[in-house]
Amino acid sequence: MRGASIAQRDVLRGLERAEAFVRRAHDAGARVVTVAAPRARDVAALWDDAQDALLWHPAAAPAVAGLGLAAELAPGDAEGGAIGDALALSRPEQREAGVEAPALAAFGGFAFDATAAPAAPWGAFGVGLFVLPRWSYGIGPEGAWLRVVVGEGDRLGGVLDELRAIWARLESDPPPPATPRIVRRDDAPEEAWCAYVTALTDAITRGEAVKVVAAQAARLRLEREPSPRAVLEALRRRFPGCTRFALRRAGTTFLGATPERLV
């Protein structure tokens with residue numbers, strides 16, 4: 001019990017130290033503040049069930065998770081739009097002494113065909129989307145870090161309330177729920193798939209295409225709504241040499257693990 005009491009005091013001191021640093025940085029007008037944070041099992045512990053979120057975990061490199069939205073960039077935004085403004089205003093960043101964290105970055109991607117109208121389930125992402133998360137979290141060799149992008153007009157009290165809620169979630173670090181059981185799977189008809197592949201190879205033979213990436217869709221019905229955290233954890237265990245990625249936007253989550261090099 002004595003060890004538990006000491007650990008609880010250490011956690012409290014860590015939160016108090018982070019709050020004090022955020023207060024000083026906010027008073028100094030900082031737009032980006034980074035502090036040392038509790039070390040969770042996986043960076044996706046930052047996520048809650050309500051906000052937009054992201055995860056970026058290249059193979060053999062530290063992972064970064066994001067929660068909330070500080071700014072976004074879609075194709076057609078002039079000169080980077082709000083993300084460019086946010087990145088410009090973020091310098092210099094106020095970082096707690098001794099904290100090792102990567103530079104502030106936006107995350108996202110583009111559709112393969114930018115001329116096609118986004119169909120379900122891609123409507124939330126459009127033909128391209130990059131986001132700058134309000135909160136970022138990472139775990140490195142020297143410890144864990146937590147970063148917030150403070151918007152114009154944000155009250156200090158609101159930022160501190162968010163910090164306390166996130167700190168408690170990282171400290172408790174509950175395991176992700178189990179993945180739900182698949183009760184039904186509907187694959188594309190085999191005949192349609194074969195016809196599709198034949199049409200592609202014929203197009204290559206005619207010189208109309210050089211390389212085609214074909215994909216087959218499957219629709220799954222699960223016994224309950226899946227947790228993106230559970231799927232990401234399963235991907236981490238099953239494909240440790242792949243890059244994990246996730247982007248949750250307006251309730252829709254695009255995630256996966258790929259052996260390809262992404263930037």
# chains A, B, ... in the order shown; residues from 1 in each chain; ligands from 1
call {"tool": "select_by_dssp", "arguments": {"residues": "stretch 81-221 of chain A", "states": "strand (DSSP E)", "output": "ChimeraX atom specification"}}
result
/A:94-95,107-110,128-132,135-140,143-149,182-187,218-221
call {"tool": "residues_around", "arguments": {"residues": "A:Ala18", "least_positions_apart": "6", "cutoff": "9 Å", "atoms": "only C-alpha atoms", "output": "number ranges by chain"}}
result
A: 34-37, 96, 163
call {"tool": "closest_residue", "arguments": {"among": "A:Pro174, A:Gly66, A:Gly207, A:Pro226", "to": "A:Leu132", "atoms": "only C-alpha atoms"}}
result
A:Gly66
call {"tool": "residues_around", "arguments": {"residues": "A:Trp193", "least_positions_apart": "3", "cutoff": "10 Å", "atoms": "only C-alpha atoms", "output": "list in words"}}
result
Asp187, Ala188, Pro189, Glu190, Tyr196, Val197, Thr198, Ala199, Ala214, Ala215, Gln216 and Ala217 of chain A
call {"tool": "closest_residue", "arguments": {"among": "A:Arg155, A:Arg221, A:Arg164, A:Arg95", "to": "A:Asp186", "atoms": "only C-alpha atoms"}}
result
A:Arg221
call {"tool": "select_by_dssp", "arguments": {"residues": "stretch 6-241 of chain A", "states": "helix (DSSP H, G or I)", "output": "NGL selection string"}}
result
:A and (6-27 or 43-46 or 78-89 or 156-172 or 190-205 or 228-238)
call {"tool": "residues_around", "arguments": {"residues": "A:Leu222", "least_positions_apart": "2", "cutoff": "8 Å", "atoms": "only C-alpha atoms", "output": "list in words"}}
result
Pro180, Arg181, Ile182, Val183, Arg184, Leu220, Arg224, Glu225 and Pro226 of chain A
call {"tool": "atom_distance", "arguments": {"atom1": "atom CA of A:Phe21", "atom2": "atom CA of A:Tyr137"}}
result
16.8 Å
call {"tool": "residues_around", "arguments": {"residues": "A:Ala65", "least_positions_apart": "5", "cutoff": "10 Å", "atoms": "only C-alpha atoms", "output": "ChimeraX atom specification"}}
result
/A:42-47,53-57,133,135-139,146,245-247
call {"tool": "write_last_selection", "arguments": {"atoms": "C-alpha atoms", "output": "CSV table (one decimal), in the first residue's frame"}}
result
chain,number,residue,atom,x,y,z
A,42,ASP,CA,0.0,2.3,-26.9
A,43,VAL,CA,-0.4,5.8,-28.2
A,44,ALA,CA,-4.0,5.2,-29.1
A,45,ALA,CA,-4.8,5.4,-25.4
A,46,LEU,CA,-5.1,9.2,-26.1
A,47,TRP,CA,-8.3,8.6,-28.0
A,53,ALA,CA,-8.6,11.2,-34.0
A,54,LEU,CA,-5.5,9.8,-35.8
A,55,LEU,CA,-2.6,7.4,-35.4
A,56,TRP,CA,0.6,7.3,-37.4
A,57,HIS,CA,3.1,4.5,-36.6
A,133,PRO,CA,-4.6,17.5,-34.2
A,135,TRP,CA,-3.7,17.1,-28.9
A,136,SER,CA,-0.8,14.8,-29.9
A,137,TYR,CA,0.8,12.0,-27.9
A,138,GLY,CA,3.9,9.9,-28.4
A,139,ILE,CA,6.1,7.5,-26.6
A,146,LEU,CA,1.8,15.3,-24.8
A,245,PHE,CA,-2.3,4.3,-39.7
A,246,ALA,CA,-5.7,5.6,-38.7
A,247,LEU,CA,-7.8,8.7,-39.3
call {"tool": "atom_distance", "arguments": {"atom1": "atom CA of A:Trp167", "atom2": "atom CA of A:Glu100"}}
result
18.1 Å
call {"tool": "closest_residue", "arguments": {"among": "A:Gly251, A:Gly256, A:Pro141, A:Gly151", "to": "A:Trp122", "atoms": "only C-alpha atoms"}}
result
A:Gly251
